[in-house]
Structures are given as structure tokens and as C-alpha cells.
file protein28.cif (mmCIF, C-alpha atoms and all ligand atoms)
data_query
loop_
_atom_site.label_atom_id
_atom_site.label_comp_id
_atom_site.auth_asym_id
_atom_site.auth_seq_id
_atom_site.Cartn_x
_atom_site.Cartn_y
_atom_site.Cartn_z
CA MET R 21 152.26 195.13 148.24
CA GLN R 22 148.69 195.96 147.24
CA LYS R 23 147.98 197.63 143.91
CA PHE R 24 146.64 201.16 143.75
CA ALA R 25 145.12 201.53 140.29
CA TYR R 26 145.06 204.71 138.26
CA PHE R 27 143.47 205.92 135.06
CA ASP R 28 145.29 208.58 133.10
CA THR R 29 145.79 209.19 129.41
CA GLY R 30 149.07 211.03 129.06
CA HIS R 31 151.35 210.09 131.98
CA GLU R 32 149.67 212.64 134.24
CA PHE R 33 149.37 210.48 137.34
CA PRO R 34 152.11 210.97 140.02
CA GLU R 35 153.06 207.36 140.71
CA GLU R 36 155.68 208.46 143.25
CA ILE R 37 152.99 209.58 145.73
CA ILE R 38 151.45 206.11 145.60
CA MET R 39 154.89 204.50 146.01
CA ALA R 40 155.54 206.70 149.03
CA ALA R 41 152.18 205.60 150.45
CA GLY R 42 153.35 201.99 150.33
CA PHE R 43 151.29 200.75 147.37
CA THR R 44 152.20 199.50 143.90
CA PRO R 45 150.98 201.99 141.28
CA TYR R 46 149.10 200.08 138.60
CA LYS R 47 148.13 201.82 135.37
CA ILE R 48 144.79 200.53 134.11
CA LEU R 49 145.17 199.59 130.45
CA GLY R 50 142.06 197.49 129.90
CA ASP R 51 142.35 194.14 128.20
CA VAL R 52 141.94 194.22 124.45
CA HIS R 53 141.24 190.46 124.49
CA VAL R 54 138.29 190.95 126.84
CA GLY R 55 136.99 194.05 125.05
CA THR R 56 134.63 196.76 126.22
CA ALA R 57 131.27 194.97 126.54
CA ALA R 58 131.06 195.24 130.33
CA ALA R 59 131.42 199.03 130.15
CA ASN R 60 129.11 199.58 127.20
CA ASP R 61 126.04 199.64 129.47
CA PHE R 62 127.41 202.74 131.21
CA LEU R 63 129.32 204.65 128.53
CA PHE R 64 128.44 206.00 125.12
CA GLN R 65 129.84 204.02 122.21
CA TYR R 66 131.57 207.10 120.84
CA LEU R 67 133.88 207.30 123.86
CA CYS R 68 137.16 205.79 122.78
CA PRO R 69 137.33 202.00 123.17
CA PHE R 70 140.55 202.15 125.21
CA ALA R 71 138.76 204.20 127.89
CA ARG R 72 135.77 201.84 127.79
CA GLY R 73 138.22 198.93 128.12
CA CYS R 74 139.65 200.57 131.25
CA MET R 75 136.19 200.75 132.81
CA ALA R 76 135.55 197.11 131.86
CA GLU R 77 138.73 196.16 133.74
CA ALA R 78 137.69 198.25 136.75
CA LEU R 79 134.22 196.66 136.83
CA SER R 80 135.87 193.25 136.95
CA ASP R 81 138.95 193.85 139.18
CA SER R 82 138.45 196.93 141.34
CA GLU R 83 137.87 194.97 144.55
CA GLN R 84 141.52 193.83 144.39
CA TRP R 85 142.73 197.43 144.36
CA ALA R 86 143.43 199.50 147.48
CA GLY R 87 142.14 202.57 145.70
CA ILE R 88 141.70 204.23 142.34
CA GLY R 89 143.14 207.54 141.18
CA PHE R 90 141.97 209.52 138.17
CA ALA R 91 144.31 212.10 136.66
CA HIS R 92 142.87 214.63 134.26
CA GLY R 93 144.10 213.82 130.77
CA CYS R 94 141.72 213.82 127.83
CA ASP R 95 137.95 214.22 128.22
CA ALA R 96 137.59 210.45 128.74
CA THR R 97 139.03 210.87 132.25
CA ASN R 98 136.70 213.57 133.54
CA ARG R 99 133.66 212.19 131.72
CA GLN R 100 134.23 208.78 133.30
CA PHE R 101 135.08 209.81 136.86
CA ASP R 102 131.46 210.34 137.88
CA VAL R 103 130.34 207.19 136.07
CA TRP R 104 132.95 205.10 137.91
CA LYS R 105 131.94 206.76 141.19
CA ALA R 106 128.44 205.40 140.73
CA HIS R 107 129.14 202.00 139.17
CA VAL R 108 132.66 200.74 139.98
CA LYS R 109 133.08 199.23 143.45
CA HIS R 110 135.64 201.24 145.41
CA THR R 111 136.57 202.37 148.88
CA PHE R 112 138.80 205.22 147.73
CA LEU R 113 138.38 207.09 144.45
CA HIS R 114 140.21 210.37 143.93
CA TRP R 115 140.12 212.94 141.13
CA LEU R 116 143.41 214.72 140.46
CA ASP R 117 142.74 217.84 138.42
CA VAL R 118 146.03 217.96 136.48
CA PRO R 119 146.01 221.29 134.58
CA MET R 120 145.98 221.45 130.80
CA LYS R 121 148.59 224.21 130.86
CA ILE R 122 152.07 224.29 132.35
CA ASN R 123 152.41 228.01 133.13
CA LYS R 124 153.05 229.45 136.63
CA THR R 125 149.37 229.70 137.55
CA ALA R 126 148.81 226.09 136.51
CA GLN R 127 151.84 225.02 138.56
CA THR R 128 150.49 226.74 141.69
CA PHE R 129 147.14 225.05 141.15
CA TYR R 130 148.74 221.64 140.58
CA ARG R 131 150.92 221.93 143.71
CA GLN R 132 147.77 222.44 145.81
CA ASP R 133 146.08 219.58 144.00
CA LEU R 134 148.95 217.19 144.77
CA ASN R 135 149.03 218.23 148.42
CA GLN R 136 145.28 217.60 148.66
CA PHE R 137 145.81 214.14 147.16
CA ILE R 138 148.47 213.37 149.79
CA LYS R 139 146.12 214.59 152.54
CA ALA R 140 143.29 212.43 151.20
CA LEU R 141 145.55 209.35 151.16
CA ASN R 142 146.81 210.07 154.68
CA ARG R 143 143.29 210.48 155.97
CA HIS R 144 141.77 207.46 154.29
CA PHE R 145 144.62 204.97 154.83
CA ASP R 146 145.75 206.39 158.18
CA LEU R 147 149.19 207.30 156.84
CA SER R 148 151.60 210.12 157.26
CA ILE R 149 153.45 210.34 153.96
CA SER R 150 156.72 212.11 154.71
CA ARG R 151 159.07 214.12 152.51
CA GLU R 152 161.69 211.39 153.01
CA GLN R 153 159.29 208.72 151.72
CA LEU R 154 158.47 210.86 148.72
CA ARG R 155 162.16 211.50 148.04
CA ALA R 156 162.89 207.76 148.25
CA ALA R 157 160.06 207.06 145.78
CA ILE R 158 161.36 209.75 143.42
CA ASN R 159 164.84 208.28 143.66
CA ARG R 160 163.56 204.82 142.75
CA SER R 161 161.47 206.24 139.93
CA ASN R 162 164.50 208.07 138.51
CA LYS R 163 166.56 204.87 138.57
CA ILE R 164 163.81 203.08 136.64
CA LYS R 165 163.54 205.89 134.09
CA THR R 166 167.32 205.94 133.61
CA VAL R 167 167.49 202.21 132.81
CA MET R 168 164.43 202.47 130.54
CA LYS R 169 166.09 205.28 128.60
CA GLN R 170 169.22 203.14 128.13
CA LEU R 171 167.05 200.25 126.93
CA ALA R 172 165.09 202.46 124.54
CA ALA R 173 168.27 203.89 123.02
CA LEU R 174 169.24 200.37 121.94
CA ARG R 175 166.24 200.17 119.58
CA ALA R 176 168.17 202.02 116.86
CA GLU R 177 171.26 199.82 117.19
CA LYS R 178 170.14 196.32 118.12
CA ASP R 179 167.55 193.75 117.14
CA ILE R 180 164.75 194.79 119.52
CA PRO R 181 161.34 193.76 118.13
CA ASN R 182 158.53 196.25 118.72
CA PRO R 183 156.58 193.90 121.05
CA ASP R 184 159.69 193.59 123.28
CA TYR R 185 159.83 197.35 123.64
CA PHE R 186 156.11 197.47 124.35
CA GLU R 187 156.46 194.83 127.07
CA MET R 188 159.23 196.83 128.74
CA THR R 189 157.01 199.91 128.89
CA ARG R 190 153.97 197.94 130.10
CA MET R 191 155.95 196.36 132.94
CA ALA R 192 157.06 199.81 134.05
CA VAL R 193 153.51 200.96 134.77
CA GLN R 194 152.00 197.74 136.10
CA GLU R 195 154.61 195.77 138.05
CA PRO R 196 155.99 196.30 141.59
CA LYS R 197 158.80 198.81 141.33
CA GLU R 198 161.41 196.94 143.41
CA GLN R 199 161.27 193.87 141.20
CA LEU R 200 160.86 196.01 138.09
CA LEU R 201 164.25 197.65 138.49
CA LEU R 202 165.95 194.24 138.80
CA ASN R 203 164.05 192.92 135.76
CA LEU R 204 164.98 195.98 133.69
CA GLU R 205 168.65 195.54 134.55
CA VAL R 206 168.53 191.90 133.39
CA MET R 207 166.75 193.07 130.24
CA LEU R 208 169.45 195.68 129.60
CA ASP R 209 172.11 193.01 129.74
CA ASP R 210 170.12 190.90 127.27
CA TRP R 211 169.39 193.75 124.84
CA GLN R 212 173.02 194.94 124.85
CA ASN R 213 174.03 191.50 123.60
CA ARG R 214 171.43 191.24 120.84
CA ASP R 215 172.31 191.14 117.12
CA PRO R 216 172.67 194.45 115.25
CA PHE R 217 169.64 196.30 113.85
CA PRO R 218 168.19 194.01 111.13
CA LYS R 219 168.82 195.09 107.53
CA ASP R 220 165.27 194.26 106.44
CA LYS R 221 163.63 196.58 108.99
CA THR R 222 162.95 200.28 108.47
CA PRO R 223 163.45 202.64 111.44
CA ILE R 224 160.52 204.93 112.16
CA LEU R 225 159.13 207.33 114.73
CA LEU R 226 155.75 206.38 116.19
CA THR R 227 153.36 209.07 117.44
CA GLY R 228 149.65 209.51 118.13
CA SER R 229 147.33 207.73 120.56
CA ASP R 230 148.93 205.51 123.17
CA VAL R 231 149.41 201.96 121.98
CA THR R 232 148.22 199.85 124.90
CA TYR R 233 148.50 196.28 123.59
CA LYS R 234 151.40 194.52 121.97
CA GLU R 235 149.47 193.10 119.01
CA TRP R 236 149.48 196.53 117.37
CA MET R 237 153.25 196.71 117.78
CA GLU R 238 153.27 193.32 116.04
CA VAL R 239 151.42 194.91 113.08
CA LEU R 240 154.37 197.28 112.66
CA GLU R 241 156.80 194.39 113.05
CA VAL R 242 155.26 192.24 110.31
CA SER R 243 155.04 195.31 108.06
CA GLY R 244 158.82 195.66 108.31
CA PHE R 245 159.05 198.68 110.61
CA ARG R 246 160.97 199.17 113.81
CA VAL R 247 159.96 201.92 116.21
CA VAL R 248 163.23 203.57 117.22
CA ARG R 249 161.69 206.76 118.66
CA ASP R 250 158.23 207.67 119.97
CA ASP R 251 156.46 210.19 122.17
CA LEU R 252 153.91 207.85 123.77
CA SER R 253 152.97 207.53 127.44
CA LEU R 254 153.80 203.83 127.25
CA GLY R 255 157.10 205.00 125.84
CA GLU R 256 159.38 207.98 125.91
CA ARG R 257 156.95 210.30 127.68
CA TYR R 258 157.28 208.03 130.71
CA PHE R 259 161.06 207.85 130.97
CA ASN R 260 162.61 210.64 128.89
CA THR R 261 162.77 213.04 131.84
CA THR R 262 163.96 212.41 135.37
CA ILE R 263 162.54 214.19 138.42
CA GLN R 264 164.84 216.93 139.66
CA ASP R 265 165.93 217.37 143.26
CA PHE R 266 163.92 220.11 145.06
CA ASP R 267 163.68 220.85 148.80
CA ASP R 268 159.98 220.12 148.50
CA PRO R 269 159.44 216.81 146.63
CA VAL R 270 155.91 217.93 145.69
CA GLU R 271 157.47 220.88 143.90
CA ALA R 272 159.74 218.40 142.11
CA LEU R 273 156.67 216.53 140.83
CA VAL R 274 155.08 219.77 139.62
CA ASP R 275 158.28 220.67 137.78
CA TYR R 276 158.50 217.16 136.29
CA ASN R 277 154.96 217.39 134.92
CA CYS R 278 155.96 220.55 133.03
CA ARG R 279 159.10 219.07 131.50
CA ILE R 280 157.93 215.69 130.19
CA PRO R 281 157.18 215.31 126.46
CA GLN R 282 153.66 216.71 126.34
CA PRO R 283 150.61 214.80 125.03
CA ALA R 284 148.06 216.23 122.56
CA THR R 285 145.73 217.17 125.43
CA LYS R 286 148.03 219.93 126.68
CA VAL R 287 148.06 223.51 125.48
CA PRO R 288 149.88 224.99 123.73
CA SER R 289 150.50 222.08 121.36
CA ASP R 290 153.88 223.49 120.27
CA ASN R 291 155.60 221.68 123.14
CA ARG R 292 154.58 218.34 121.65
CA MET R 293 155.81 219.39 118.21
CA GLN R 294 159.11 220.61 119.65
CA TYR R 295 159.75 217.18 121.15
CA LEU R 296 158.90 215.41 117.88
CA LEU R 297 161.26 217.64 115.91
CA GLN R 298 163.97 217.27 118.54
CA ILE R 299 163.94 213.47 118.49
CA LEU R 300 163.74 213.41 114.69
CA ASP R 301 166.88 215.52 114.74
CA GLU R 302 168.58 213.18 117.24
CA THR R 303 167.82 209.85 115.58
CA LYS R 304 167.80 208.96 111.90
CA VAL R 305 164.44 207.52 110.86
CA GLU R 306 163.01 206.81 107.40
CA GLY R 307 159.49 207.96 108.20
CA VAL R 308 156.82 208.78 110.76
CA ILE R 309 153.76 206.67 111.58
CA LEU R 310 150.97 208.75 113.09
CA GLN R 311 148.23 206.43 114.32
CA THR R 312 145.03 207.31 116.11
CA LEU R 313 142.68 204.99 117.90
CA LYS R 314 139.09 205.25 116.66
CA PHE R 315 137.26 208.07 118.53
CA CYS R 316 140.51 209.42 120.01
CA GLU R 317 139.75 213.08 119.43
CA PRO R 318 142.85 214.75 120.95
CA TYR R 319 145.22 213.00 118.55
CA ALA R 320 142.83 212.96 115.57
CA LEU R 321 142.25 216.72 115.84
CA ASP R 322 145.99 217.42 116.00
CA ALA R 323 146.81 215.03 113.15
CA PRO R 324 146.42 217.43 110.14
CA TRP R 325 148.66 220.02 111.80
CA VAL R 326 151.26 217.43 112.87
CA ILE R 327 151.35 215.86 109.39
CA GLU R 328 151.64 219.22 107.65
CA THR R 329 154.38 220.45 109.98
CA LEU R 330 156.43 217.28 109.74
CA LYS R 331 156.08 217.21 105.95
CA HIS R 332 157.14 220.86 105.85
CA HIS R 333 160.33 219.75 107.65
CA GLY R 334 160.93 217.08 105.00
CA TYR R 335 159.66 213.96 106.79
CA LYS R 336 157.46 211.31 105.21
CA VAL R 337 154.37 210.61 107.31
CA ILE R 338 151.63 208.00 107.10
CA PRO R 339 148.39 208.60 109.07
CA LEU R 340 146.45 205.53 110.23
CA GLU R 341 143.27 205.02 112.21
CA ARG R 342 143.02 201.76 114.13
CA GLU R 343 140.39 199.74 115.91
CA PHE R 344 140.77 198.44 119.49
CA THR R 345 141.39 194.80 118.61
CA PRO R 346 144.17 192.24 119.01
CA THR R 347 143.47 190.87 115.50
CA LEU R 348 146.21 191.66 113.00
CA ASP R 349 144.63 194.08 110.53
CA HIS R 350 145.80 193.00 107.07
CA GLN R 351 144.48 196.14 105.37
CA THR R 352 146.71 198.24 107.61
CA ILE R 353 149.64 195.90 107.00
CA THR R 354 149.18 196.33 103.23
CA ARG R 355 149.11 200.13 103.57
CA LEU R 356 152.24 200.05 105.73
CA GLU R 357 154.07 197.79 103.28
CA THR R 358 153.25 200.24 100.48
CA PHE R 359 154.51 203.13 102.63
CA LYS R 360 157.73 201.18 103.25
CA GLU R 361 158.26 200.79 99.50
CA LEU R 362 157.84 204.52 99.00
CA LEU R 363 160.52 205.42 101.55
S1 LIG E 401 143.03 206.97 123.26
FE1 LIG E 401 142.66 209.17 123.04
S2 LIG E 401 140.50 209.51 123.65
FE2 LIG E 401 141.17 207.48 124.39
S3 LIG E 401 141.84 207.82 126.47
FE3 LIG E 401 143.66 207.96 125.18
S4 LIG E 401 143.85 210.15 124.66
FE4 LIG E 401 141.79 209.80 125.47
#
call {"tool": "encode", "arguments": {"input": "protein28.cif", "output": "C-alpha cells", "more": "lines below"}}
Ligand code: SF4
result
Amino acid sequence: MQKFAYFDTGHEFPEEIIMAAGFTPYKILGDVHVGTAAANDFLFQYLCPFARGCMAEALSDSEQWAGIGFAHGCDATNRQFDVWKAHVKHTFLHWLDVPMKINKTAQTFYRQDLNQFIKALNRHFDLSISREQLRAAINRSNKIKTVMKQLAALRAEKDIPNPDYFEMTRMAVQEPKEQLLLNLEVMLDDWQNRDPFPKDKTPILLTGSDVTYKEWMEVLEVSGFRVVRDDLSLGERYFNTTIQDFDDPVEALVDYNCRIPQPATKVPSDNRMQYLLQILDETKVEGVILQTLKFCEPYALDAPWVIETLKHHGYKVIPLEREFTPTLDHQTITRLETFKELL
């Protein structure tokens, strides 16, 4: 099944529509080992390096993709859409204007937007995406989310290194869904039989910019931390919520978009904070790691408020800014080790 690539920044893209169209949704994550050089000729250096890495991947691989979808997330998505239109080879490139709000007006707007996307796919690929196909895709998606949630819950009980969790979440957005479900079920069996949570690791909640490469999860691992809860797109935002059954499956996708743990790009920001406080209440952690990728404005701008609010509720928080690099940053490891001693 051919890949249909998408660029979003907060789990905005409706993968189920692409599944119903007969393609494999493939979330562009860039390749931290390749870097951003190929995109630097087209994009300003102050755009976040993850987004530049995504364009570098598109410049190199887009001819293998049936199409590319952009979903409005942070400013990197809308600033880049026109640049990609001019410079990335494509036969189908679609902008999905996912609203920043989740109120009734935004929902009406988003419903029309999704229906236009379906029409554009039908027209370009000579398809006729039916409600039944969309329902089947939603059903498969829900099964995947359910197993992922079971896997994620084991982080607080079993020996699940951070890079293993990262790999589970990466597979979910890049691999063909039929095989993915089988692989996740095998993984569940493996994780259920792992040793108990290691005594030398400290459970924490991870928030902030999406972590899109496993080497940064390794930084947390060698610093002695285990991520047992998070609100990332390559994480709980992706699987925490299942898609409800509606007569109109497009309506179900609109409703889903309103109920997922919200990223920093959405307004009001209180929804994001509510989720953080809820999961901190559900799972015992020793502290919170709030990391932002360099030039990631949405999460950097929210950081002072998030830190202050969490501290006000009695949680210990460490803020970190990171580069887009697979190299283990020993300065960060030292800071994290000191934080661990203070907990
Ligand atoms: S890291 Fe931040 S600035 Fe970069 S794409 Fe993600 S949300 Fe946008």
C-alpha cells in the first residue's frame, strides 16, 4: 500500500480519511541523523529544526509518496505549505485548515474542511470514499489506540525503557496499520512479561515539544528517569482518546479532534493544563520534565505559565531547551542527574 505523507505538529491530521482512501498514512518526522541542510536554502534558520528536518525529508523522498497533506498546527505548518508547494515535488498537496479553537463554530468549519479534503482525494485519485470505508478505518484506528493505551499503562509497572516507548509511538504513525496492530499485540505480550519497574529509575511526566527521535529518550534513560506519563503527539495525545460512533463518521472525526489532549497551539490553553493535572492525579510521578526544542515558540511561550501552575500544585518541574541532534548532550544529562538528586 502506497504511503500518503502528512505534516502536522499536534496530531491534527485525520489519518482515518487516508486509511479509507486506501493509503498508508505516514507522519513525516524528518531524520535527525540527516539534519536540516537540504531545507536551509528555502527556510529561515529561526524556524524550528524539526520542521526544517521534515522539509529535508520531503525534498529527498516525496516522489515515493502518493500525496502530501498539511494539517494546521503551529505556524511552521502554514508558513511551510507555500514553500513546499513551490519546491517539493508532488502531484497532490492539500492544506487542511484545522481550527485553533474547539468551539461549535470551529467544529462547523472543520466539518466542511474535512469534507472538502475527502472531495479533493476522490477527485484526484478517482475514488469514492464511502461512509463504510471511513467507519472501517475508524474501527481499526480505535483498536490500535486501545492496544497502545494498554502498552503505555505498563510504563509505570514494568521495565519499559524510554526508547522502547518511543519506538512504539513512532511505529504507530509511520507503519502500515494492518501489520501495526499485529506488531503491537506481540509487543503487549512482551511488555506484560517484563521485569518490574526498576528501583534505580525515577518516574516522571514528560511534556513540551514533541520528541521525534529516540536518542533524546535515551538522554532521559541514562539520566535515570522513566517517562510514565506524557501529553505528546508521539505519545498519549495520539492514543488517549478513541473515536466515538456517530452516524456521520466525519462528525466523529470532528468530535475526536475536540476531545484529544490538546497541544500548546490550541486556545484556550486551559484544556492542555487540565490534561496535565488529570494525569498527574492518576499516576504517581516524582517530577515533571518540560522540554522545548530550540525555536519551538508554542511550547516555549507556554512554559512559564505551565511551570508556575504545576509548582503551585506542588509538583517539581525542570525546564530544558534542546537542540535537534542525535548526540547525547552531557550538559543536559548533568542537569537531569542533579534534578533527580533533588527529588
Ligand atoms: S517543535 Fe514546536 S515549532 Fe516545531 S513544528 Fe513542533 S510545535 Fe511547531
call {"tool": "residues_near_ligand", "arguments": {"input": "protein28.cif", "ligand": "ligand LIG 401 (chain E)", "cutoff": "6 Å", "atoms": "only C-alpha atoms and all ligand atoms", "output": "VMD selection string"}}
result
chain R and resid 29 68 70 to 71 94 96 229 313 316 to 318
call {"tool": "closest_residue", "arguments": {"input": "protein28.cif", "among": "R:Ala91, R:Val206, R:Val305, R:Leu321", "to": "Asp28 of chain R", "atoms": "only C-alpha atoms"}}
result
R:Ala91
call {"tool": "atom_distance", "arguments": {"input": "protein28.cif", "atom1": "atom CA of Trp236 of chain R", "atom2": "atom CA of Trp211 of chain R"}}
result
21.4 Å
call {"tool": "closest_residue", "arguments": {"input": "protein28.cif", "among": "R:His110, R:Arg131, R:Arg249, R:Arg160", "to": "Ala173 of chain R", "atoms": "only C-alpha atoms"}}
result
R:Arg249
call {"tool": "closest_atom_pairs", "arguments": {"input": "protein28.cif", "of": "segment 186-226 of chain R", "to": "segment 46-53 of chain R", "cutoff": "8 Å", "atoms": "only C-alpha atoms", "output": "tab-separated table"}}
result
residue	atom	partner	partner_atom	distance
R:Val193	CA	R:Lys47	CA	5.5
R:Gln194	CA	R:Tyr46	CA	4.5
R:Glu195	CA	R:Tyr46	CA	7.0
call {"tool": "atom_distance", "arguments": {"input": "protein28.cif", "atom1": "atom CA of Glu205 of chain R", "atom2": "atom CA of Lys234 of chain R"}}
result
21.4 Å
call {"tool": "atom_distance", "arguments": {"input": "protein28.cif", "atom1": "atom CA of Thr222 of chain R", "atom2": "atom CA of Pro183 of chain R"}}
result
15.5 Å
call {"tool": "closest_residue", "arguments": {"input": "protein28.cif", "among": "R:Asn277, R:Gln22, R:Thr345, R:Gln170", "to": "Lys121 of chain R", "atoms": "all atoms listed in the file"}}
result
R:Asn277
call {"tool": "decode", "arguments": {"input": "protein28.cif", "residues": "segment 176-198 of chain R", "atoms": "C-alpha atoms", "output": "short mmCIF file (atom, residue, chain, number, x, y, z; two decimals), in the first residue's frame"}}
result
data_model
loop_
_atom_site.label_atom_id
_atom_site.label_comp_id
_atom_site.auth_asym_id
_atom_site.auth_seq_id
_atom_site.Cartn_x
_atom_site.Cartn_y
_atom_site.Cartn_z
CA ALA R 176 4.62 2.68 35.46
CA GLU R 177 4.70 -1.01 36.39
CA LYS R 178 7.24 -2.75 34.19
CA ASP R 179 10.76 -2.28 32.90
CA ILE R 180 9.97 -0.36 29.69
CA PRO R 181 12.95 1.80 28.65
CA ASN R 182 12.05 5.21 27.20
CA PRO R 183 13.39 4.36 23.70
CA ASP R 184 11.07 1.30 23.59
CA TYR R 185 8.08 3.51 24.29
CA PHE R 186 9.24 5.99 21.68
CA GLU R 187 9.58 3.23 19.08
CA MET R 188 6.03 2.06 19.79
CA THR R 189 4.68 5.55 19.17
CA ARG R 190 6.80 6.06 16.03
CA MET R 191 5.59 2.80 14.50
CA ALA R 192 2.00 3.90 15.07
CA VAL R 193 2.34 6.92 12.79
CA GLN R 194 4.64 5.52 10.12
CA GLU R 195 3.89 1.83 9.55
CA PRO R 196 1.04 0.13 7.65
CA LYS R 197 -1.88 -0.16 10.03
CA GLU R 198 -2.76 -3.83 9.39
#
